[in-house]
There are 2 protein chains.
Amino acid sequence: MSKKKFSIAVHGGAGTILKKLMNAEKERIYKKALSVSLEVGYDILEEGGSAVDAVEAAVYELENFPLFNAGKGAVFTHDGKHEMDASIMDGKTLKAGAVTCVQRVRNPVVLAREVMEFSEHVLLSGKGAEQFAKVRKIKLENDNYFFTDERFKQLQEVINEEGAHLDHNINVKDKKFGTVGAVALDKNGNLAAATSTGGMTNKRFGRIGDSPIIGSGTYANNKTCAVSCTGHGEFFIRAVVAYDISCLMEYKNMTLKQACKEVVNKKLVKLGGEGGLIAVDKNGNIELAFNSEGMYRGYKTSSGKELIGIYK
Amino acid sequence: MSKKKFSIAVHGGAGTILKKLMNAEKERIYKKALSVSLEVGYDILEEGGSAVDAVEAAVYELENFPLFNAGKGAVFTHDGKHEMDASIMDGKTLKAGAVTCVQRVRNPVVLAREVMEFSEHVLLSGKGAEQFAKVRKIKLENDNYFFTDERFKQLQEVINEEGAHLDHNINVKDKKFGTVGAVALDKNGNLAAATSTGGMTNKRFGRIGDSPIIGSGTYANNKTCAVSCTGHGEFFIRAVVAYDISCLMEYKNMTLKQACKEVVNKKLVKLGGEGGLIAVDKNGNIELAFNSEGMYRGYKTSSGKELIGIYK
């Protein structure tokens, strides 16, 4: 009976998400998107589908939702393009696939899955990754598809500034790390994680954050847990966040809750790294941990627990 | 007195390096290159220089040596280009810098160092990284600089095959994972690691291996150790090799030797990942671990220990 437990969690990014800057209608739309993503993943798990299928499908939904910074709704680079990253990892086989700096790919998480399943590689980049997408007959779109008014305005506001911006709503100082992700445990005890992002507004120099980096932004291992991160990517890379959660559990016998607290609320805070993560362990326990003002997040378990949240 | 200990190790790649396929003259040239690299790094440490300066200088020398697959001597991609990756990490600050898929950059490790010191990012890629190189006035070269007859022949031999090749000398089945790297402990107790590679012969799709990935190919932390890897990169990414060594020491109280054995000779072997790594701990102990036929390697410590090796 205990083997049949399953659960899923999703996130739509962390950051300074303040209630006073929201309105009821916008809240409703965000929550609806998280809910749809959760339900799609949950249904797959309930029908006996794999954790890998569930996280891919959940992230696919989040990528299609224009208010999240991934797929449609991805932010603009300094050059007015959309460069997206995604990764996926299968905790059963420790196989992984990821893409970085891809343009035109409608759903980067689908391409990451193809890399995992149908290439001899883990991480493909740029034009090369797009060539692989064509070989695999992955859906490509024109730049128009990714265009949203809100993102374009965000770029105009900062295009003459030096740095890249992690913020979603720079004008209202609503700092948000735009990433989406999912983690799941399936009925067979397999774990998986997936993450996808449109990166930083006004980013230059082909900057790559933690989202496509196995060990930093995404990690899954049936022995321990599955993790998807969102935050100031540079700090998450330096702290190897996702794998650190797994190591603290495997080597130090911490619970998932203890490991998340140690990494998100202690180590990352000390380093100056703002953000959060979602994680599920092999027993179906869920953690939604963040050290920022808020994180778009939700989970649903076979034991009937359910939550959708935005603020602290 | 014990605080004044220092040591450095370097590698020039691991793989099926068989004595019967070598000759005395070639051996001498390889050993000379390793020796020069070691001496340059050692001198910096002896004069009280930082571990970061030492590993950058040591890798710089290896990049300039045309028989190693990094900088001059980098292998050809499927498109007849040279796409190089490098990374560096400072164990004192946990700061890191890395570049991936860069062309024309004479010494990618120097650019990685610039990313660490002078950008707000950790990982820059492709044309964007080259733009950053120009901003920082880093030395660029024409494609001619990177051309070597041996590498060009290797490409011609395999260009019509499907897969990318990790091999150095495919014609003689002398499989070798072309990477260079250095790790060091300085007199102030600071650790650092750096890695650089020209990637895989005939590689396509913008493939990225473990060399530019902090946590996988390179990691340094004053609490534990500094690590630079060389091997079949996909497996090193999936196993988050460099950070795993550090975690086994920090969380499981393993010695450097125990941790290297666990990861290189057990976990990687189980996963099917061929290769090796060099590592130094905070007490100056050195490990040169590999599960392949050979690894170009060497070390030198302030206590007078010294070694240069190629085969098992």
# chains A, B, ... in the order shown; residues from 1 in each chain; ligands from 1
>>> residues_around(residues="Lys95 in chain B", least_positions_apart="2", cutoff="7 Å", atoms="only C-alpha atoms", output="PDB file with N, CA, C and O atoms, in the first residue's frame")
ATOM      1  N   ARG A 238      27.085  28.201  -7.632  1.00  0.00           N
ATOM      2  CA  ARG A 238      28.229  28.157  -6.713  1.00  0.00           C
ATOM      3  C   ARG A 238      27.960  27.238  -5.526  1.00  0.00           C
ATOM      4  O   ARG A 238      28.893  26.628  -4.981  1.00  0.00           O
TER       5      ARG A 238
ATOM      6  N   MET B  89      37.461  28.013 -10.017  1.00  0.00           N
ATOM      7  CA  MET B  89      36.725  28.265  -8.780  1.00  0.00           C
ATOM      8  C   MET B  89      37.709  28.552  -7.653  1.00  0.00           C
ATOM      9  O   MET B  89      38.756  27.915  -7.543  1.00  0.00           O
ATOM     10  N   ASP B  90      37.342  29.521  -6.833  1.00  0.00           N
ATOM     11  CA  ASP B  90      38.151  29.976  -5.708  1.00  0.00           C
ATOM     12  C   ASP B  90      37.545  29.405  -4.426  1.00  0.00           C
ATOM     13  O   ASP B  90      36.436  29.760  -4.041  1.00  0.00           O
ATOM     14  N   THR B  93      36.338  32.008  -1.457  1.00  0.00           N
ATOM     15  CA  THR B  93      35.118  32.814  -1.592  1.00  0.00           C
ATOM     16  C   THR B  93      33.956  32.029  -2.181  1.00  0.00           C
ATOM     17  O   THR B  93      32.834  32.511  -2.194  1.00  0.00           O
ATOM     18  N   MET B 116      34.786  35.382 -13.474  1.00  0.00           N
ATOM     19  CA  MET B 116      34.724  35.292 -12.011  1.00  0.00           C
ATOM     20  C   MET B 116      34.984  36.645 -11.356  1.00  0.00           C
ATOM     21  O   MET B 116      34.280  37.041 -10.428  1.00  0.00           O
TER      22      MET B 116
END
>>> interface_residues(of="chain B", to="chain A", cutoff="9 Å", atoms="only C-alpha atoms", output="ChimeraX atom specification")
/B:89,94-96,101,120-132,163-164,204-209,213-216,219,233-235,237-240,243-244,247-248,251-252,271
>>> residues_around(residues="range 62-70 of chain A", least_positions_apart="2", cutoff="9 Å", atoms="only C-alpha atoms", output="PDB file with N, CA and C atoms, in the first residue's frame")
ATOM      1  N   VAL A  10       4.943  21.906  -7.871  1.00  0.00           N
ATOM      2  CA  VAL A  10       5.365  22.786  -8.969  1.00  0.00           C
ATOM      3  C   VAL A  10       5.722  24.163  -8.416  1.00  0.00           C
ATOM      4  N   HIS A  11       6.542  24.903  -9.176  1.00  0.00           N
ATOM      5  CA  HIS A  11       6.777  26.307  -8.821  1.00  0.00           C
ATOM      6  C   HIS A  11       6.799  27.167 -10.077  1.00  0.00           C
ATOM      7  N   GLY A  12       6.518  28.448  -9.857  1.00  0.00           N
ATOM      8  CA  GLY A  12       6.526  29.401 -10.969  1.00  0.00           C
ATOM      9  C   GLY A  12       7.479  30.553 -10.705  1.00  0.00           C
ATOM     10  N   GLY A  13       8.479  30.298  -9.860  1.00  0.00           N
ATOM     11  CA  GLY A  13       9.476  31.319  -9.571  1.00  0.00           C
ATOM     12  C   GLY A  13       9.343  31.892  -8.174  1.00  0.00           C
ATOM     13  N   ILE A  29      -5.468  34.310 -11.478  1.00  0.00           N
ATOM     14  CA  ILE A  29      -4.883  33.778 -12.721  1.00  0.00           C
ATOM     15  C   ILE A  29      -3.621  32.959 -12.424  1.00  0.00           C
ATOM     16  N   TYR A  30      -2.745  33.488 -11.571  1.00  0.00           N
ATOM     17  CA  TYR A  30      -1.532  32.753 -11.196  1.00  0.00           C
ATOM     18  C   TYR A  30      -1.890  31.417 -10.541  1.00  0.00           C
ATOM     19  N   ALA A  33      -3.134  28.857 -12.963  1.00  0.00           N
ATOM     20  CA  ALA A  33      -2.057  28.259 -13.774  1.00  0.00           C
ATOM     21  C   ALA A  33      -1.319  27.176 -12.983  1.00  0.00           C
ATOM     22  N   LEU A  34      -1.018  27.471 -11.728  1.00  0.00           N
ATOM     23  CA  LEU A  34      -0.344  26.473 -10.880  1.00  0.00           C
ATOM     24  C   LEU A  34      -1.235  25.245 -10.714  1.00  0.00           C
ATOM     25  N   VAL A  36      -3.684  24.137 -12.722  1.00  0.00           N
ATOM     26  CA  VAL A  36      -3.773  23.362 -13.970  1.00  0.00           C
ATOM     27  C   VAL A  36      -2.536  22.483 -14.129  1.00  0.00           C
ATOM     28  N   SER A  37      -1.371  23.078 -13.892  1.00  0.00           N
ATOM     29  CA  SER A  37      -0.119  22.342 -14.022  1.00  0.00           C
ATOM     30  C   SER A  37      -0.082  21.147 -13.060  1.00  0.00           C
ATOM     31  N   ALA A  57       5.083  17.068 -18.230  1.00  0.00           N
ATOM     32  CA  ALA A  57       3.753  17.601 -18.559  1.00  0.00           C
ATOM     33  C   ALA A  57       3.416  18.824 -17.714  1.00  0.00           C
ATOM     34  N   ALA A  58       3.795  18.796 -16.442  1.00  0.00           N
ATOM     35  CA  ALA A  58       3.505  19.932 -15.557  1.00  0.00           C
ATOM     36  C   ALA A  58       4.283  21.170 -15.994  1.00  0.00           C
ATOM     37  N   VAL A  59       5.549  20.984 -16.328  1.00  0.00           N
ATOM     38  CA  VAL A  59       6.372  22.126 -16.772  1.00  0.00           C
ATOM     39  C   VAL A  59       5.890  22.636 -18.127  1.00  0.00           C
ATOM     40  N   TYR A  60       5.467  21.720 -18.989  1.00  0.00           N
ATOM     41  CA  TYR A  60       4.901  22.091 -20.298  1.00  0.00           C
ATOM     42  C   TYR A  60       3.742  23.072 -20.114  1.00  0.00           C
ATOM     43  N   LYS A  72       6.403  30.492 -23.675  1.00  0.00           N
ATOM     44  CA  LYS A  72       5.656  31.722 -23.987  1.00  0.00           C
ATOM     45  C   LYS A  72       5.648  32.602 -22.738  1.00  0.00           C
ATOM     46  N   GLY A  73       6.124  33.833 -22.897  1.00  0.00           N
ATOM     47  CA  GLY A  73       6.230  34.705 -21.730  1.00  0.00           C
ATOM     48  C   GLY A  73       7.668  34.844 -21.253  1.00  0.00           C
ATOM     49  N   ALA A  74       8.587  34.178 -21.956  1.00  0.00           N
ATOM     50  CA  ALA A  74      10.010  34.319 -21.600  1.00  0.00           C
ATOM     51  C   ALA A  74      10.424  35.781 -21.758  1.00  0.00           C
ATOM     52  N   VAL A  75      11.325  36.221 -20.916  1.00  0.00           N
ATOM     53  CA  VAL A  75      11.781  37.618 -20.963  1.00  0.00           C
ATOM     54  C   VAL A  75      12.663  37.856 -22.186  1.00  0.00           C
ATOM     55  N   MET A  84      16.159  30.536 -24.002  1.00  0.00           N
ATOM     56  CA  MET A  84      15.570  29.727 -22.934  1.00  0.00           C
ATOM     57  C   MET A  84      16.447  28.530 -22.551  1.00  0.00           C
ATOM     58  N   ASP A  85      16.284  28.110 -21.311  1.00  0.00           N
ATOM     59  CA  ASP A  85      17.022  26.965 -20.769  1.00  0.00           C
ATOM     60  C   ASP A  85      16.018  25.993 -20.141  1.00  0.00           C
ATOM     61  N   ALA A  86      16.342  24.724 -20.166  1.00  0.00           N
ATOM     62  CA  ALA A  86      15.508  23.743 -19.459  1.00  0.00           C
ATOM     63  C   ALA A  86      16.318  22.503 -19.161  1.00  0.00           C
ATOM     64  N   ARG A 106       9.336  25.929 -28.809  1.00  0.00           N
ATOM     65  CA  ARG A 106       8.089  26.244 -28.109  1.00  0.00           C
ATOM     66  C   ARG A 106       8.117  25.771 -26.665  1.00  0.00           C
ATOM     67  N   ASN A 107       8.547  24.539 -26.454  1.00  0.00           N
ATOM     68  CA  ASN A 107       8.583  23.988 -25.103  1.00  0.00           C
ATOM     69  C   ASN A 107       9.960  23.394 -24.812  1.00  0.00           C
ATOM     70  N   PRO A 108      10.834  24.199 -24.246  1.00  0.00           N
ATOM     71  CA  PRO A 108      12.212  23.725 -23.984  1.00  0.00           C
ATOM     72  C   PRO A 108      12.272  22.452 -23.146  1.00  0.00           C
ATOM     73  N   VAL A 109      11.308  22.240 -22.238  1.00  0.00           N
ATOM     74  CA  VAL A 109      11.359  21.021 -21.415  1.00  0.00           C
ATOM     75  C   VAL A 109      11.188  19.769 -22.272  1.00  0.00           C
ATOM     76  N   PHE A 146       6.667  34.150 -28.799  1.00  0.00           N
ATOM     77  CA  PHE A 146       7.162  34.384 -27.438  1.00  0.00           C
ATOM     78  C   PHE A 146       6.918  35.817 -26.965  1.00  0.00           C
ATOM     79  N   THR A 148       5.385  38.994 -25.535  1.00  0.00           N
ATOM     80  CA  THR A 148       4.267  39.476 -24.710  1.00  0.00           C
ATOM     81  C   THR A 148       4.549  40.944 -24.390  1.00  0.00           C
ATOM     82  N   GLU A 150       3.996  42.709 -21.761  1.00  0.00           N
ATOM     83  CA  GLU A 150       4.563  42.986 -20.451  1.00  0.00           C
ATOM     84  C   GLU A 150       6.082  42.830 -20.455  1.00  0.00           C
ATOM     85  N   ARG A 151       6.563  41.737 -21.075  1.00  0.00           N
ATOM     86  CA  ARG A 151       8.007  41.495 -21.127  1.00  0.00           C
ATOM     87  C   ARG A 151       8.712  42.554 -21.960  1.00  0.00           C
ATOM     88  N   HIS A 168      10.897  40.355 -12.497  1.00  0.00           N
ATOM     89  CA  HIS A 168       9.751  40.242 -13.389  1.00  0.00           C
ATOM     90  C   HIS A 168       9.143  41.606 -13.618  1.00  0.00           C
ATOM     91  N   PHE A 177      12.397  35.842  -9.558  1.00  0.00           N
ATOM     92  CA  PHE A 177      13.288  35.007 -10.338  1.00  0.00           C
ATOM     93  C   PHE A 177      12.441  34.118 -11.218  1.00  0.00           C
ATOM     94  N   GLY A 178      12.369  34.448 -12.475  1.00  0.00           N
ATOM     95  CA  GLY A 178      11.431  33.793 -13.364  1.00  0.00           C
ATOM     96  C   GLY A 178      11.897  32.439 -13.816  1.00  0.00           C
ATOM     97  N   THR A 179      11.337  31.430 -13.231  1.00  0.00           N
ATOM     98  CA  THR A 179      11.661  30.054 -13.550  1.00  0.00           C
ATOM     99  C   THR A 179      10.413  29.251 -13.252  1.00  0.00           C
ATOM    100  N   VAL A 180      10.240  28.124 -13.916  1.00  0.00           N
ATOM    101  CA  VAL A 180       9.178  27.202 -13.522  1.00  0.00           C
ATOM    102  C   VAL A 180       9.808  25.828 -13.312  1.00  0.00           C
ATOM    103  N   GLY A 181       9.117  24.998 -12.552  1.00  0.00           N
ATOM    104  CA  GLY A 181       9.675  23.676 -12.313  1.00  0.00           C
ATOM    105  C   GLY A 181       8.677  22.729 -11.693  1.00  0.00           C
ATOM    106  N   SER A 196      12.545  24.980 -16.088  1.00  0.00           N
ATOM    107  CA  SER A 196      12.586  25.701 -17.362  1.00  0.00           C
ATOM    108  C   SER A 196      12.562  27.194 -17.086  1.00  0.00           C
ATOM    109  N   THR A 197      13.279  27.964 -17.912  1.00  0.00           N
ATOM    110  CA  THR A 197      13.318  29.408 -17.675  1.00  0.00           C
ATOM    111  C   THR A 197      13.566  30.195 -18.956  1.00  0.00           C
ATOM    112  N   GLY A 198      13.134  31.448 -18.930  1.00  0.00           N
ATOM    113  CA  GLY A 198      13.464  32.385 -19.992  1.00  0.00           C
ATOM    114  C   GLY A 198      14.646  33.250 -19.616  1.00  0.00           C
ATOM    115  N   GLY A 199      15.227  33.008 -18.467  1.00  0.00           N
ATOM    116  CA  GLY A 199      16.442  33.721 -18.064  1.00  0.00           C
ATOM    117  C   GLY A 199      16.184  35.103 -17.508  1.00  0.00           C
ATOM    118  N   MET A 200      17.125  36.015 -17.754  1.00  0.00           N
ATOM    119  CA  MET A 200      17.085  37.362 -17.171  1.00  0.00           C
ATOM    120  C   MET A 200      16.745  38.405 -18.225  1.00  0.00           C
TER     121      MET A 200
END
>>> residues_around(residues="range 301-303 of chain B", least_positions_apart="6", cutoff="9 Å", atoms="only C-alpha atoms", output="ChimeraX atom specification")
/B:4-9,42,46,284-286
>>> write_last_selection(atoms="C-alpha atoms", output="PDB file, in the first residue's frame")
ATOM      1  CA  LYS B   4      52.990  27.250   5.040  1.00  0.00           C
ATOM      2  CA  LYS B   5      52.417  23.953   3.243  1.00  0.00           C
ATOM      3  CA  PHE B   6      51.461  24.214  -0.393  1.00  0.00           C
ATOM      4  CA  SER B   7      50.972  21.879  -3.326  1.00  0.00           C
ATOM      5  CA  ILE B   8      49.800  21.705  -6.903  1.00  0.00           C
ATOM      6  CA  ALA B   9      48.605  18.985  -9.290  1.00  0.00           C
ATOM      7  CA  TYR B  42      54.617  25.805  -8.059  1.00  0.00           C
ATOM      8  CA  GLU B  46      56.360  29.244  -3.433  1.00  0.00           C
ATOM      9  CA  GLY B 284      47.929  19.631   0.893  1.00  0.00           C
ATOM     10  CA  ASN B 285      47.283  15.935   0.284  1.00  0.00           C
ATOM     11  CA  ILE B 286      47.058  15.101  -3.404  1.00  0.00           C
TER      12      ILE B 286
END
>>> atom_distance(atom1="CA of Ser50 in chain B", atom2="CA of Thr255 in chain B")
24.0 Å
>>> atom_distance(atom1="CA of Leu256 in chain A", atom2="CA of Asp281 in chain A")
6.5 Å
>>> residues_around(residues="Gly231 in chain A", least_positions_apart="4", cutoff="7 Å", atoms="only C-alpha atoms", output="list in words")
Ala14, Phe177, Glu274, Gly275 and Gly276 of chain A
>>> select_by_dssp(residues="range 114-300 of chain B", states="strand (DSSP E or B)", output="PyMOL selection string")
chain B and resi 123-125+140+165+169+174+176-177+180-185+191-197+201+207-208+214+218-220+225-231+275-281+286-290+294-300
>>> residues_around(residues="Ala279 in chain B", least_positions_apart="3", cutoff="7 Å", atoms="only C-alpha atoms", output="list of chain:residue names")
B:Val183, B:Cys225, B:Ala226, B:Val227, B:Ser228, B:Ile286, B:Glu287, B:Leu288
>>> write_last_selection(atoms="N, CA and C atoms", output="short mmCIF file (atom, residue, chain, number, x, y, z; two decimals), in the first residue's frame")
data_model
loop_
_atom_site.label_atom_id
_atom_site.label_comp_id
_atom_site.auth_asym_id
_atom_site.auth_seq_id
_atom_site.Cartn_x
_atom_site.Cartn_y
_atom_site.Cartn_z
N VAL B 183 44.82 21.89 -9.81
CA VAL B 183 44.29 22.18 -8.47
C VAL B 183 45.47 22.59 -7.60
N CYS B 225 38.23 20.54 -0.30
CA CYS B 225 39.18 20.17 -1.35
C CYS B 225 38.97 21.00 -2.60
N ALA B 226 39.88 20.83 -3.55
CA ALA B 226 39.73 21.39 -4.90
C ALA B 226 39.86 20.24 -5.88
N VAL B 227 39.01 20.22 -6.91
CA VAL B 227 38.92 19.07 -7.82
C VAL B 227 38.83 19.56 -9.27
N SER B 228 39.58 18.92 -10.17
CA SER B 228 39.43 19.14 -11.61
C SER B 228 39.30 17.78 -12.29
N ILE B 286 47.41 15.14 -1.98
CA ILE B 286 47.06 15.10 -3.40
C ILE B 286 46.52 13.73 -3.77
N GLU B 287 45.49 13.70 -4.61
CA GLU B 287 45.03 12.44 -5.20
C GLU B 287 44.96 12.61 -6.72
N LEU B 288 45.45 11.61 -7.43
CA LEU B 288 45.35 11.56 -8.89
C LEU B 288 44.63 10.26 -9.19
#
>>> select_by_dssp(residues="range 80-294 of chain B", states="helix (DSSP H, G or I)", output="PyMOL selection string")
chain B and resi 108-118+126-135+143-146+149-158+170-172+233-238+241-252+256-271
>>> residues_around(residues="Ala289 in chain A", least_positions_apart="5", cutoff="7 Å", atoms="only C-alpha atoms", output="PDB file with all heavy atoms, in the first residue's frame")
ATOM      1  N   CYS A 260      16.536  20.970   3.284  1.00  0.00           N
ATOM      2  CA  CYS A 260      16.063  22.189   2.608  1.00  0.00           C
ATOM      3  C   CYS A 260      16.323  23.414   3.480  1.00  0.00           C
ATOM      4  O   CYS A 260      16.731  24.465   2.994  1.00  0.00           O
ATOM      5  CB  CYS A 260      14.578  22.081   2.278  1.00  0.00           C
ATOM      6  SG  CYS A 260      14.255  20.903   0.946  1.00  0.00           S
ATOM      7  N   VAL A 264      18.611  26.290   1.978  1.00  0.00           N
ATOM      8  CA  VAL A 264      17.887  27.498   1.548  1.00  0.00           C
ATOM      9  C   VAL A 264      17.957  28.603   2.602  1.00  0.00           C
ATOM     10  O   VAL A 264      18.161  29.771   2.273  1.00  0.00           O
ATOM     11  CB  VAL A 264      16.413  27.163   1.216  1.00  0.00           C
ATOM     12  CG1 VAL A 264      15.644  28.438   0.867  1.00  0.00           C
ATOM     13  CG2 VAL A 264      16.349  26.160   0.073  1.00  0.00           C
ATOM     14  N   GLY A 276      14.492  29.970  -3.979  1.00  0.00           N
ATOM     15  CA  GLY A 276      13.871  28.840  -3.310  1.00  0.00           C
ATOM     16  C   GLY A 276      13.926  27.585  -4.150  1.00  0.00           C
ATOM     17  O   GLY A 276      14.604  27.545  -5.188  1.00  0.00           O
ATOM     18  N   LEU A 277      13.233  26.567  -3.679  1.00  0.00           N
ATOM     19  CA  LEU A 277      13.200  25.308  -4.405  1.00  0.00           C
ATOM     20  C   LEU A 277      11.983  24.490  -3.976  1.00  0.00           C
ATOM     21  O   LEU A 277      11.389  24.752  -2.928  1.00  0.00           O
ATOM     22  CB  LEU A 277      14.486  24.508  -4.170  1.00  0.00           C
ATOM     23  CG  LEU A 277      14.857  24.150  -2.723  1.00  0.00           C
ATOM     24  CD1 LEU A 277      14.144  22.891  -2.218  1.00  0.00           C
ATOM     25  CD2 LEU A 277      16.370  23.932  -2.633  1.00  0.00           C
ATOM     26  N   ILE A 278      11.621  23.548  -4.830  1.00  0.00           N
ATOM     27  CA  ILE A 278      10.621  22.556  -4.460  1.00  0.00           C
ATOM     28  C   ILE A 278      11.298  21.201  -4.486  1.00  0.00           C
ATOM     29  O   ILE A 278      12.209  20.969  -5.293  1.00  0.00           O
ATOM     30  CB  ILE A 278       9.400  22.552  -5.410  1.00  0.00           C
ATOM     31  CG1 ILE A 278       9.855  22.362  -6.870  1.00  0.00           C
ATOM     32  CG2 ILE A 278       8.610  23.864  -5.266  1.00  0.00           C
ATOM     33  CD1 ILE A 278       8.697  22.166  -7.840  1.00  0.00           C
TER      34      ILE A 278
END
>>> atom_distance(atom1="CA of Asn23 in chain B", atom2="CA of Asn144 in chain B")
28.1 Å
>>> decode(residues="range 14-29 of chain A", atoms="N, CA and C atoms", output="PDB file, in the first residue's frame")
ATOM      1  N   ALA A  14      10.457  32.402  -7.655  1.00  0.00           N
ATOM      2  CA  ALA A  14      10.491  33.011  -6.321  1.00  0.00           C
ATOM      3  C   ALA A  14      10.977  34.444  -6.444  1.00  0.00           C
ATOM      4  N   GLY A  15      10.856  35.199  -5.369  1.00  0.00           N
ATOM      5  CA  GLY A  15      11.358  36.567  -5.367  1.00  0.00           C
ATOM      6  C   GLY A  15      10.538  37.461  -4.463  1.00  0.00           C
ATOM      7  N   THR A  16      10.661  38.769  -4.712  1.00  0.00           N
ATOM      8  CA  THR A  16       9.931  39.738  -3.910  1.00  0.00           C
ATOM      9  C   THR A  16       8.526  39.901  -4.483  1.00  0.00           C
ATOM     10  N   ILE A  17       7.684  38.950  -4.153  1.00  0.00           N
ATOM     11  CA  ILE A  17       6.308  38.986  -4.638  1.00  0.00           C
ATOM     12  C   ILE A  17       5.456  39.513  -3.490  1.00  0.00           C
ATOM     13  N   LEU A  18       5.044  40.776  -3.566  1.00  0.00           N
ATOM     14  CA  LEU A  18       4.361  41.415  -2.437  1.00  0.00           C
ATOM     15  C   LEU A  18       2.855  41.498  -2.676  1.00  0.00           C
ATOM     16  N   LYS A  19       2.113  41.162  -1.639  1.00  0.00           N
ATOM     17  CA  LYS A  19       0.657  41.132  -1.748  1.00  0.00           C
ATOM     18  C   LYS A  19       0.106  42.506  -2.136  1.00  0.00           C
ATOM     19  N   LYS A  20       0.723  43.556  -1.603  1.00  0.00           N
ATOM     20  CA  LYS A  20       0.199  44.902  -1.874  1.00  0.00           C
ATOM     21  C   LYS A  20       0.351  45.315  -3.344  1.00  0.00           C
ATOM     22  N   LEU A  21       1.238  44.572  -4.073  1.00  0.00           N
ATOM     23  CA  LEU A  21       1.422  44.905  -5.480  1.00  0.00           C
ATOM     24  C   LEU A  21       0.600  44.002  -6.401  1.00  0.00           C
ATOM     25  N   MET A  22      -0.143  43.099  -5.793  1.00  0.00           N
ATOM     26  CA  MET A  22      -0.999  42.180  -6.551  1.00  0.00           C
ATOM     27  C   MET A  22      -2.429  42.700  -6.532  1.00  0.00           C
ATOM     28  N   ASN A  23      -3.279  42.074  -7.363  1.00  0.00           N
ATOM     29  CA  ASN A  23      -4.709  42.283  -7.197  1.00  0.00           C
ATOM     30  C   ASN A  23      -5.402  40.927  -7.279  1.00  0.00           C
ATOM     31  N   ALA A  24      -6.636  40.907  -6.881  1.00  0.00           N
ATOM     32  CA  ALA A  24      -7.351  39.633  -6.739  1.00  0.00           C
ATOM     33  C   ALA A  24      -7.412  38.875  -8.058  1.00  0.00           C
ATOM     34  N   GLU A  25      -7.616  39.602  -9.150  1.00  0.00           N
ATOM     35  CA  GLU A  25      -7.752  38.955 -10.448  1.00  0.00           C
ATOM     36  C   GLU A  25      -6.430  38.307 -10.879  1.00  0.00           C
ATOM     37  N   LYS A  26      -5.333  39.045 -10.662  1.00  0.00           N
ATOM     38  CA  LYS A  26      -4.018  38.524 -11.032  1.00  0.00           C
ATOM     39  C   LYS A  26      -3.672  37.300 -10.180  1.00  0.00           C
ATOM     40  N   GLU A  27      -3.966  37.391  -8.903  1.00  0.00           N
ATOM     41  CA  GLU A  27      -3.748  36.254  -8.000  1.00  0.00           C
ATOM     42  C   GLU A  27      -4.493  35.018  -8.489  1.00  0.00           C
ATOM     43  N   ARG A  28      -5.742  35.259  -8.873  1.00  0.00           N
ATOM     44  CA  ARG A  28      -6.595  34.158  -9.327  1.00  0.00           C
ATOM     45  C   ARG A  28      -5.975  33.492 -10.562  1.00  0.00           C
ATOM     46  N   ILE A  29      -5.468  34.310 -11.478  1.00  0.00           N
ATOM     47  CA  ILE A  29      -4.883  33.778 -12.721  1.00  0.00           C
ATOM     48  C   ILE A  29      -3.621  32.959 -12.424  1.00  0.00           C
TER      49      ILE A  29
END
